[in-house]
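**Q** run-v9.cif is reproduced in full below (mmCIF, C-alpha atoms).
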data_protein
#
loop_
_atom_site.label_atom_id
_atom_site.label_comp_id
_atom_site.auth_asym_id
_atom_site.auth_seq_id
_atom_site.Cartn_x
_atom_site.Cartn_y
_atom_site.Cartn_z
CA MET A 1 38.10 109.30 146.39
CA ALA A 2 41.40 110.80 145.54
CA ARG A 3 41.25 113.94 143.47
CA ARG A 4 43.20 113.67 140.31
CA ALA A 5 45.75 116.42 140.08
CA THR A 6 45.33 118.64 137.05
CA PRO A 7 48.25 118.10 134.73
CA GLU A 8 50.52 121.12 134.36
CA VAL A 9 50.70 122.77 130.98
CA ASN A 10 54.06 122.24 129.50
CA ALA A 11 55.63 125.64 129.03
CA GLY A 12 58.79 124.32 127.50
CA SER A 13 57.81 125.37 124.01
CA MET A 14 57.13 128.94 125.07
CA ALA A 15 60.74 129.81 124.36
CA ASP A 16 60.44 128.39 120.86
CA ILE A 17 57.37 130.45 120.12
CA ALA A 18 59.06 133.56 121.38
CA PHE A 19 62.13 132.77 119.31
CA LEU A 20 59.98 132.44 116.22
CA LEU A 21 58.47 135.85 116.85
CA LEU A 22 61.87 137.30 117.55
CA ILE A 23 63.30 135.97 114.31
CA PHE A 24 60.28 137.24 112.41
CA PHE A 25 60.84 140.77 113.69
CA LEU A 26 64.55 140.57 113.12
CA VAL A 27 64.01 139.62 109.50
CA THR A 28 61.14 141.88 108.56
CA THR A 29 62.23 145.14 110.09
CA THR A 30 64.80 147.26 108.40
CA ILE A 31 66.53 150.07 110.16
CA GLU A 32 66.55 152.61 107.40
CA LYS A 33 69.65 154.62 106.91
CA ASP A 34 69.12 156.98 104.03
CA LYS A 35 72.08 158.52 102.33
CA GLY A 36 72.24 160.52 99.20
CA ILE A 37 73.68 163.33 97.14
CA ALA A 38 72.71 166.67 98.64
CA ARG A 39 72.04 169.60 96.38
CA GLN A 40 70.93 173.19 96.70
CA LEU A 41 68.50 174.42 94.08
CA PRO A 42 68.83 177.92 92.69
CA PRO A 43 66.08 180.24 93.94
CA ASN A 44 63.25 180.87 91.59
CA GLU A 45 64.01 184.42 90.58
CA ASP A 46 64.43 185.87 87.20
CA VAL A 47 68.03 186.80 86.85
CA VAL A 48 67.96 190.21 85.28
CA ASP A 49 71.52 190.32 84.21
CA PRO A 50 72.94 186.82 83.90
CA PRO A 51 76.71 186.85 84.28
CA VAL A 52 78.57 186.11 81.11
CA ILE A 53 80.64 182.98 81.40
CA LYS A 54 83.51 182.57 79.03
CA GLN A 55 83.32 179.51 76.86
CA LYS A 56 86.60 178.20 78.24
CA ASN A 57 85.30 178.36 81.81
CA LEU A 58 82.33 176.22 80.94
CA PHE A 59 82.40 172.45 80.98
CA ILE A 60 79.34 171.17 79.23
CA VAL A 61 78.08 167.69 79.96
CA ASN A 62 75.27 166.59 77.75
CA VAL A 63 73.24 163.45 78.35
CA ASN A 64 70.89 162.33 75.64
CA LYS A 65 67.79 160.21 75.87
CA ASN A 66 69.78 157.03 75.24
CA ASP A 67 71.97 157.77 78.26
CA GLN A 68 74.98 158.66 76.15
CA LEU A 69 77.42 161.29 77.32
CA LEU A 70 78.67 164.18 75.26
CA VAL A 71 81.34 166.09 77.12
CA GLU A 72 82.68 169.24 75.49
CA ASP A 73 81.42 167.99 72.12
CA ASP A 74 83.13 164.63 72.47
CA LEU A 75 81.48 161.32 73.11
CA MET A 76 82.67 159.98 76.44
CA GLU A 77 82.28 156.94 78.64
CA LEU A 78 80.95 157.48 82.13
CA LYS A 79 84.12 156.12 83.71
CA ASP A 80 86.23 158.85 82.10
CA LEU A 81 84.00 161.70 83.22
CA ARG A 82 85.52 162.03 86.67
CA GLN A 83 89.06 162.48 85.35
CA ALA A 84 87.92 164.91 82.67
CA ALA A 85 86.11 167.01 85.26
CA ILE A 86 89.14 166.99 87.56
CA GLU A 87 91.37 168.16 84.75
CA PHE A 88 88.98 170.92 83.85
CA LEU A 89 88.55 172.21 87.41
CA ASP A 90 92.19 171.90 88.29
CA ASN A 91 93.47 173.53 85.13
CA GLY A 92 94.22 176.99 86.49
CA GLY A 93 94.76 178.60 83.12
CA ALA A 94 94.99 182.21 84.28
CA ALA A 95 98.40 183.74 83.79
CA LYS A 96 100.78 184.00 86.70
CA GLY A 97 100.58 187.40 88.36
CA SER A 98 97.01 188.08 87.27
CA PRO A 99 94.42 188.37 90.07
CA GLU A 100 92.74 185.23 88.84
CA TYR A 101 95.88 183.14 89.16
CA CYS A 102 95.23 179.86 90.94
CA ALA A 103 98.13 178.99 93.20
CA HIS A 104 96.79 175.66 94.43
CA CYS A 105 95.94 174.24 91.03
CA LYS A 106 98.11 171.44 89.77
CA GLY A 107 96.63 171.07 86.31
CA LYS A 108 98.05 171.64 82.87
CA ARG A 109 97.51 175.43 82.98
CA SER A 110 96.23 175.33 79.46
CA PRO A 111 94.92 178.73 78.37
CA ASP A 112 92.04 177.05 76.55
CA SER A 113 90.56 175.54 79.69
CA SER A 114 89.25 177.06 82.93
CA ASP A 115 90.96 180.07 84.54
CA ASN A 116 90.57 178.89 88.12
CA PRO A 117 88.20 176.66 90.12
CA ASP A 118 86.20 179.67 91.24
CA LYS A 119 85.40 180.59 87.64
CA ALA A 120 84.93 177.07 86.36
CA VAL A 121 81.34 176.04 85.92
CA ILE A 122 80.13 172.59 85.06
CA SER A 123 76.87 172.63 83.20
CA VAL A 124 74.79 169.50 82.92
CA GLN A 125 72.18 169.30 80.25
CA ASN A 126 69.74 166.42 80.37
CA ASP A 127 67.08 165.20 78.11
CA ARG A 128 63.67 164.67 79.63
CA LEU A 129 63.95 161.02 78.70
CA THR A 130 67.34 160.45 80.30
CA SER A 131 67.05 157.74 82.91
CA TYR A 132 67.32 158.79 86.52
CA LYS A 133 70.01 156.17 87.01
CA MET A 134 72.24 157.92 84.48
CA TYR A 135 71.43 161.33 85.92
CA ILE A 136 72.53 160.25 89.40
CA ALA A 137 75.61 158.50 88.00
CA VAL A 138 76.68 161.72 86.26
CA GLN A 139 76.03 163.83 89.34
CA ASN A 140 77.92 161.31 91.41
CA GLU A 141 80.97 161.47 89.16
CA LEU A 142 80.99 165.26 89.19
CA VAL A 143 80.70 165.42 92.97
CA ALA A 144 83.46 162.82 93.11
CA ALA A 145 85.69 165.12 91.05
CA TYR A 146 85.13 167.96 93.51
CA ASN A 147 85.68 165.65 96.46
CA PHE A 148 88.93 164.41 94.97
CA LEU A 149 90.28 167.95 94.65
CA ARG A 150 89.04 168.98 98.08
CA ASP A 151 90.64 165.92 99.61
CA ARG A 152 93.90 166.77 97.93
CA GLU A 153 93.87 170.36 99.19
CA SER A 154 92.93 169.47 102.76
CA GLN A 155 95.60 166.80 102.76
CA ARG A 156 98.13 169.42 101.71
CA LEU A 157 96.99 172.17 104.06
CA TYR A 158 95.85 170.30 107.16
CA GLY A 159 96.96 166.72 106.74
CA TRP A 160 93.52 165.13 106.73
CA LYS A 161 90.97 164.27 104.12
CA PHE A 162 88.05 166.62 103.56
CA THR A 163 85.49 163.88 103.00
CA GLU A 164 86.56 161.85 106.02
CA VAL A 165 86.40 164.77 108.45
CA LYS A 166 83.10 165.95 107.00
CA LYS A 167 81.63 162.50 107.44
CA ALA A 168 82.91 162.27 111.02
CA ILE A 169 81.33 165.63 111.89
CA ASP A 170 78.05 164.65 110.24
CA GLU A 171 77.91 161.46 112.22
CA GLY A 172 78.88 163.28 115.40
CA ASN A 173 81.99 161.27 116.20
CA TYR A 174 84.67 163.78 115.36
CA SER A 175 87.29 163.82 118.08
CA GLY A 176 88.75 167.26 118.34
CA ASN A 177 87.71 170.83 117.96
CA GLU A 178 84.66 170.68 115.77
CA GLU A 179 84.36 174.41 115.15
CA ALA A 180 87.95 174.75 114.05
CA ALA A 181 87.51 171.83 111.71
CA GLN A 182 84.28 173.30 110.39
CA ALA A 183 86.09 176.55 109.57
CA LYS A 184 88.79 174.61 107.78
CA LEU A 185 86.18 172.71 105.81
CA GLU A 186 84.66 175.97 104.68
CA ASN A 187 88.07 177.21 103.69
CA ILE A 188 88.58 174.16 101.49
CA GLN A 189 85.12 174.61 100.03
CA LYS A 190 86.12 178.12 99.04
CA LEU A 191 89.16 176.83 97.21
CA PHE A 192 87.01 174.48 95.17
CA PRO A 193 83.45 175.80 95.25
CA LEU A 194 80.81 173.45 93.89
CA LYS A 195 79.59 175.14 90.74
CA LEU A 196 77.24 172.77 89.06
CA SER A 197 74.60 174.27 86.91
CA GLU A 198 71.70 172.47 85.40
CA ALA A 199 70.21 173.66 82.18
CA GLU A 200 66.55 173.25 81.40
CA PRO A 201 66.17 169.78 79.94
CA LYS A 202 65.42 169.42 76.30
CA LYS A 203 62.26 167.79 75.15
CA THR A 204 62.45 165.11 72.56
CA GLY A 205 59.09 163.57 73.25
CA GLN A 206 56.94 162.25 76.00
CA MET B 207 62.72 108.93 158.34
CA SER B 208 62.40 108.32 154.68
CA LYS B 209 61.83 112.06 154.38
CA PHE B 210 65.50 112.67 154.80
CA THR B 211 66.87 109.92 152.66
CA LYS B 212 64.98 111.01 149.58
CA LYS B 213 67.60 113.52 148.53
CA LYS B 214 70.02 112.02 146.12
CA SER B 215 73.39 113.50 146.60
CA GLY B 216 76.18 113.76 144.08
CA GLU B 217 73.95 114.33 141.04
CA LEU B 218 73.93 117.76 139.43
CA PRO B 219 70.55 119.45 139.51
CA PRO B 220 69.30 120.34 136.01
CA VAL B 221 69.53 123.98 135.01
CA ASN B 222 66.23 125.67 135.40
CA THR B 223 65.08 126.89 132.00
CA ALA B 224 61.85 128.41 133.20
CA SER B 225 63.19 131.93 132.80
CA LEU B 226 64.33 131.37 129.23
CA PRO B 227 61.01 132.56 127.75
CA ASP B 228 61.28 135.73 129.80
CA ILE B 229 64.72 136.45 128.46
CA VAL B 230 63.60 135.86 124.90
CA PHE B 231 60.53 138.00 125.40
CA MET B 232 62.70 140.79 126.65
CA LEU B 233 64.76 140.57 123.49
CA LEU B 234 61.61 140.42 121.43
CA PHE B 235 60.19 143.55 123.03
CA PHE B 236 63.49 145.32 122.59
CA PHE B 237 63.47 144.66 118.87
CA MET B 238 59.80 145.51 118.55
CA VAL B 239 60.38 148.86 120.18
CA VAL B 240 63.59 149.95 118.49
CA THR B 241 62.79 148.94 114.95
CA VAL B 242 60.54 151.17 112.95
CA LEU B 243 58.31 149.57 110.44
CA ARG B 244 58.20 151.29 107.10
CA ASN B 245 55.72 154.06 107.70
CA ASN B 246 55.18 154.81 104.05
CA ASN B 247 53.20 152.31 102.13
CA LEU B 248 55.02 152.32 98.83
CA LEU B 249 52.79 152.68 95.83
CA VAL B 250 55.62 153.01 93.34
CA LYS B 251 58.48 150.82 92.32
CA ASN B 252 61.44 152.10 94.24
CA GLU B 253 64.76 150.73 93.22
CA LEU B 254 67.28 153.39 94.04
CA PRO B 255 70.22 154.27 91.83
CA LYS B 256 73.69 153.70 93.18
CA ALA B 257 76.12 156.39 94.24
CA ASP B 258 79.13 156.55 96.51
CA GLN B 259 79.67 160.27 97.11
CA VAL B 260 76.86 160.43 99.60
CA GLU B 261 75.97 162.38 102.69
CA LYS B 262 73.79 161.36 105.55
CA LEU B 263 70.22 162.52 105.69
CA LYS B 264 68.94 164.30 108.76
CA LYS B 265 65.69 162.49 109.25
CA ASP B 266 63.97 164.87 111.62
CA ARG B 267 63.86 167.66 109.07
CA SER B 268 63.12 165.82 105.88
CA VAL B 269 60.11 165.35 103.71
CA TYR B 270 60.00 162.36 101.42
CA ILE B 271 58.94 162.32 97.82
CA PHE B 272 58.76 159.01 96.03
CA ALA B 273 58.59 158.65 92.30
CA GLY B 274 58.62 155.83 89.84
CA LYS B 275 56.37 153.50 87.96
CA PRO B 276 53.33 152.32 89.91
CA SER B 277 54.19 149.05 91.62
CA ALA B 278 53.02 145.81 90.08
CA ARG B 279 49.72 145.54 91.90
CA TYR B 280 48.66 149.04 90.90
CA ALA B 281 49.92 148.81 87.35
CA ASP B 282 46.53 147.89 85.85
CA LYS B 283 44.84 150.77 87.50
CA TYR B 284 47.39 153.54 87.04
CA GLY B 285 49.36 152.48 84.00
CA LYS B 286 53.09 152.45 83.58
CA GLU B 287 53.94 156.13 83.46
CA GLY B 288 56.12 157.50 86.24
CA LYS B 289 54.11 158.75 89.20
CA ILE B 290 54.82 160.83 92.27
CA GLN B 291 53.94 159.67 95.73
CA ILE B 292 53.91 161.92 98.78
CA GLY B 293 52.72 160.52 102.08
CA ASP B 294 50.76 157.43 101.16
CA LYS B 295 48.96 158.54 98.06
CA TYR B 296 49.68 159.42 94.47
CA THR B 297 50.11 163.08 93.75
CA ASP B 298 49.92 164.96 90.52
CA VAL B 299 52.72 167.37 89.59
CA SER B 300 50.34 170.29 89.96
CA ASN B 301 49.42 169.07 93.42
CA VAL B 302 52.96 168.62 94.70
CA LYS B 303 53.04 172.06 96.33
CA PHE B 304 49.98 171.41 98.42
CA ALA B 305 51.09 167.95 99.48
CA LEU B 306 54.54 169.22 100.41
CA THR B 307 53.23 172.10 102.44
CA GLU B 308 51.05 169.64 104.28
CA ALA B 309 53.98 167.30 104.88
CA ARG B 310 56.12 170.15 106.12
CA GLN B 311 53.52 171.05 108.69
CA LYS B 312 54.06 167.71 110.35
CA LEU B 313 57.67 168.50 111.20
CA LEU B 314 58.74 170.13 114.42
CA PRO B 315 58.08 173.89 114.22
CA GLU B 316 61.69 174.88 114.79
CA LEU B 317 62.84 172.64 111.95
CA GLN B 318 60.27 173.69 109.40
CA ASP B 319 62.42 176.33 107.78
CA LYS B 320 65.39 173.96 107.62
CA VAL B 321 63.35 171.44 105.72
CA MET B 322 65.15 169.13 103.35
CA VAL B 323 63.42 167.27 100.60
CA ALA B 324 64.49 163.67 100.18
CA LEU B 325 63.87 162.38 96.70
CA LYS B 326 63.54 158.65 96.46
CA VAL B 327 63.21 158.02 92.79
CA ASP B 328 63.31 154.74 90.98
CA LYS B 329 66.30 154.39 88.68
CA GLU B 330 64.21 153.68 85.61
CA THR B 331 62.29 156.93 85.85
CA ASN B 332 62.72 159.66 83.28
CA THR B 333 64.63 162.69 84.44
CA GLY B 334 61.82 164.89 83.14
CA LEU B 335 59.63 163.94 86.08
CA VAL B 336 62.40 164.83 88.50
CA THR B 337 62.86 168.16 86.76
CA ASP B 338 59.16 168.89 87.17
CA ILE B 339 59.40 168.15 90.88
CA LYS B 340 62.44 170.38 91.20
CA GLN B 341 60.63 173.23 89.48
CA GLU B 342 57.79 172.90 91.98
CA LEU B 343 60.29 172.90 94.83
CA ARG B 344 61.83 176.09 93.55
CA ASP B 345 58.41 177.70 93.40
CA LEU B 346 57.85 176.63 96.98
CA ASN B 347 61.27 177.88 98.02
CA MET B 348 62.25 174.52 99.45
CA LEU B 349 65.68 174.57 97.96
CA LYS B 350 67.54 171.92 99.87
CA LEU B 351 67.15 168.52 98.42
CA ILE B 352 68.90 165.22 98.57
CA TYR B 353 68.78 162.44 96.03
CA ILE B 354 68.63 159.28 98.08
CA ALA B 355 70.86 156.61 96.63
CA ALA B 356 71.91 153.11 97.46
CA PRO B 357 75.56 152.51 98.28
CA GLY B 358 77.63 151.32 95.36
CA THR B 359 78.58 152.60 91.97
CA GLU B 360 77.06 152.42 88.51
CA ILE B 361 80.40 152.13 86.76
CA GLY B 362 81.98 148.85 85.90
CA LYS B 363 79.08 146.54 85.41
#
Show how you would write the structure in this file as structure tokens.
**A**
Amino acid sequence: MARRATPEVNAGSMADIAFLLLIFFLVTTTIEKDKGIARQLPPNEDVVDPPVIKQKNLFIVNVNKNDQLLVEDDLMELKDLRQAAIEFLDNGGAAKGSPEYCAHCKGKRSPDSSDNPDKAVISVQNDRLTSYKMYIAVQNELVAAYNFLRDRESQRLYGWKFTEVKKAIDEGNYSGNEEAAQAKLENIQKLFPLKLSEAEPKKTGQ
Amino acid sequence: MSKFTKKKSGELPPVNTASLPDIVFMLLFFFMVVTVLRNNNLLVKNELPKADQVEKLKKDRSVYIFAGKPSARYADKYGKEGKIQIGDKYTDVSNVKFALTEARQKLLPELQDKVMVALKVDKETNTGLVTDIKQELRDLNMLKLIYIAAPGTEIGK
């Protein structure tokens, strides 16, 4: 009697199964790349002698619980905030010849606005019921104002953009002398130091 | 004799596809290894606000804090008030310090003093909750933080 040969299992569909699995993993997994606005908190110490800031060197941004903006006692749209902040920081109101004179400022030099970028402080006051979305949008616009001015200065002094070089260094693909560039970045940061203060939020309810 | 005449000449032999599964499996394993599944089970709604002036987060030295409304399946149990999540459980504001210290311990020892706190907060949350977290961070002396945001801008919608 002839033995019947066992039929071979058809492995042709193996590839399909594997493809299905492959596609499943491709779709479900996300390679997370988190980016965000970095911030340094002030240390938790009681300041014994808080420095007095002149009213003209203070740019007050107030956000109420309905996400409305009050900038320097005027109602403002979010889209105008960036320009207003740039004008304030870049004003350079100190008189020529005085030690506070800002040589790199290109603003209106109005004596009623900030003396120089080093003195200028932006103060953000939130309500506890302000939405986080608005809070981040405001912070984003203010950082954008600083970045705009830093870009302008680095363009003038070194011929490249501050934000682009900083990004390249962060991502580790800067071609060139990284330390020299780092020193230049710090120099630019000194010209326009980030002075954002946050006041204790007001409570209007829970 | 017939042994030698069997071969048909002139016809192309079919391409052997037997190794196709192996190739696909290799790809599959590659993707399984390189992709990281979300290691935090999200208990809160987490729709990030949009921002474009962003910096990259250094993952090896960061501790995550999530905040927002409890997600839909926990809403009955925990209500609709904003909640904080650290690790994979809800944390009270008063308990943030403890949870953060614990989370920091899991980092590499040489990076523990360079720790950066990544705040992933839902855009509908009240800022008050974020302020509370920040106050706790200041008490803990973990002063570097980063507000994680999605690419884009909130203006012009």
**Q** Would you please work out which residue, of B:Lys264, B:Lys329, B:Lys251, B:Lys340, is nearest to chain A when using all atoms listed in the file?
**A** B:Lys329
**Q** Do you know which residues are at most 9 Å from Val327 of chain B counting only C-alpha atoms, after dropping those on the same chain fewer than 6 positions away, and could you put them as a PDB file with C-alpha atoms, in the frame of the given file?
**A**
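Output (result23.pdb):
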ATOM      1  CA  TYR A 132      67.320 158.790  86.520  1.00  0.00           C
TER       2      TYR A 132
ATOM      3  CA  LYS B 251      58.480 150.820  92.320  1.00  0.00           C
ATOM      4  CA  ASN B 252      61.440 152.100  94.240  1.00  0.00           C
ATOM      5  CA  GLU B 253      64.760 150.730  93.220  1.00  0.00           C
ATOM      6  CA  LEU B 254      67.280 153.390  94.040  1.00  0.00           C
ATOM      7  CA  PRO B 255      70.220 154.270  91.830  1.00  0.00           C
ATOM      8  CA  ILE B 271      58.940 162.320  97.820  1.00  0.00           C
ATOM      9  CA  PHE B 272      58.760 159.010  96.030  1.00  0.00           C
ATOM     10  CA  ALA B 273      58.590 158.650  92.300  1.00  0.00           C
ATOM     11  CA  GLY B 274      58.620 155.830  89.840  1.00  0.00           C
ATOM     12  CA  ILE B 290      54.820 160.830  92.270  1.00  0.00           C
ATOM     13  CA  VAL B 336      62.400 164.830  88.500  1.00  0.00           C
ATOM     14  CA  TYR B 353      68.780 162.440  96.030  1.00  0.00           C
ATOM     15  CA  ILE B 354      68.630 159.280  98.080  1.00  0.00           C
ATOM     16  CA  ALA B 355      70.860 156.610  96.630  1.00  0.00           C
TER      17      ALA B 355
END
**Q** If I put a ball of radius 7 Å at (95.5, 173.0, 85.9) in the file's coordinates, which residues poke into it when counting only C-alpha atoms, written as number ranges by chain?
**A** A: 87, 90-93, 105-110
**Q** Calculate how many Å separate atom CA of Leu26 of chain A from atom CA of Val9 of chain A, rounding to one decimal.
**A**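 So the two atoms, atom CA of Leu26 of chain A and atom CA of Val9 of chain A, lie 28.8 Å apart.
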**Q** Determine which residues of chain A sit within 6 Å of chain B, taking into account all atoms listed in the file, and present them as a tab-separated table (two decimals) with C-alpha atoms, in the frame of the given file.
**A**
chain	number	residue	atom	x	y	z
A	14	MET	CA	57.13	128.94	125.07
A	15	ALA	CA	60.74	129.81	124.36
A	22	LEU	CA	61.87	137.30	117.55
A	29	THR	CA	62.23	145.14	110.09
A	34	ASP	CA	69.12	156.98	104.03
A	35	LYS	CA	72.08	158.52	102.33
A	36	GLY	CA	72.24	160.52	99.20
A	37	ILE	CA	73.68	163.33	97.14
A	38	ALA	CA	72.71	166.67	98.64
A	39	ARG	CA	72.04	169.60	96.38
A	40	GLN	CA	70.93	173.19	96.70
A	41	LEU	CA	68.50	174.42	94.08
A	43	PRO	CA	66.08	180.24	93.94
A	44	ASN	CA	63.25	180.87	91.59
A	128	ARG	CA	63.67	164.67	79.63
A	129	LEU	CA	63.95	161.02	78.70
A	130	THR	CA	67.34	160.45	80.30
A	131	SER	CA	67.05	157.74	82.91
A	132	TYR	CA	67.32	158.79	86.52
A	133	LYS	CA	70.01	156.17	87.01
A	140	ASN	CA	77.92	161.31	91.41
**Q** Between atom CA of Lys96 of chain A and atom CA of Glu153 of chain A, what is the distance in Å, rounded to a tenth?
**A**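 Between atom CA of Lys96 of chain A and atom CA of Glu153 of chain A the gap is 19.7 Å.
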**Q** Counting all atoms listed in the file, figure out which residue out of A:Asp67, A:Glu77, A:Asp16, A:Asp127 gets nearest to Ala199 of chain A.
**A** A:Asp127
**Q** Please compute the atom CA of Lys303 of chain B-atom CA of Tyr270 of chain B distance, one decimal, in Å.
**A**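 Between these atoms lies a distance of 13.0 Å.
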**Q** Considering all atoms listed in the file, can you say which of B:Asp294, B:Glu287, B:Asp266, B:Asp282 comes closest to Gln318 of chain B?
**A**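 Answer, going by the shortest atom-to-atom distance: B:Asp266.
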**Q** Determine the axis-aligned bounding box of all atoms of segment 21-38 of chain A present in the file, pad each side by 4 Å, and express its centre and edge lengths in Å to one decimal place as JSON.
**A**
{"center_x": 66.1, "center_y": 151.3, "center_z": 107.3, "size_x": 23.2, "size_y": 38.8, "size_z": 28.4}
**Q** Under the PyMOL selection byres ((chain A and resi 166) around 12), which residues of this model are included? Write them out as number ranges by chain.
**A** A: 147, 150-151, 154, 160-165, 167-174, 178-179, 181-186, 188-189; B: 259-262
**Q** Applying the PyMOL selection byres ((chain A and resi 55) around 12) to the file I just gave you, which residues come out? Please list them as a PDB file with C-alpha atoms, in the frame of the given file.
**A**
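The new file selection.pdb reads:
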ATOM      1  CA  VAL A  52      78.570 186.110  81.110  1.00  0.00           C
ATOM      2  CA  ILE A  53      80.640 182.980  81.400  1.00  0.00           C
ATOM      3  CA  LYS A  54      83.510 182.570  79.030  1.00  0.00           C
ATOM      4  CA  LYS A  56      86.600 178.200  78.240  1.00  0.00           C
ATOM      5  CA  ASN A  57      85.300 178.360  81.810  1.00  0.00           C
ATOM      6  CA  LEU A  58      82.330 176.220  80.940  1.00  0.00           C
ATOM      7  CA  PHE A  59      82.400 172.450  80.980  1.00  0.00           C
ATOM      8  CA  ILE A  60      79.340 171.170  79.230  1.00  0.00           C
ATOM      9  CA  GLU A  72      82.680 169.240  75.490  1.00  0.00           C
ATOM     10  CA  PRO A 111      94.920 178.730  78.370  1.00  0.00           C
ATOM     11  CA  ASP A 112      92.040 177.050  76.550  1.00  0.00           C
ATOM     12  CA  SER A 113      90.560 175.540  79.690  1.00  0.00           C
ATOM     13  CA  SER A 114      89.250 177.060  82.930  1.00  0.00           C
ATOM     14  CA  ASP A 115      90.960 180.070  84.540  1.00  0.00           C
ATOM     15  CA  LYS A 119      85.400 180.590  87.640  1.00  0.00           C
ATOM     16  CA  ALA A 120      84.930 177.070  86.360  1.00  0.00           C
ATOM     17  CA  VAL A 121      81.340 176.040  85.920  1.00  0.00           C
ATOM     18  CA  ILE A 122      80.130 172.590  85.060  1.00  0.00           C
ATOM     19  CA  SER A 123      76.870 172.630  83.200  1.00  0.00           C
TER      20      SER A 123
END
**Q** Which residues match the PyMOL selection byres ((chain A and resi 198) around 9) in the file above, as a PyMOL selection string?
**A** chain A and resi 122-126+196-197+199-201
**Q** So that I can see what lies close to Pro193 of chain A, please list as a list of chain:residue names the residues with an atom at most 8 Å from it, counting only C-alpha atoms and leaving out residues fewer than 3 positions away in the same chain.
**A**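 Contacts, with the query itself left out: A:Pro117, A:Asp118, A:Gln189, A:Lys190.
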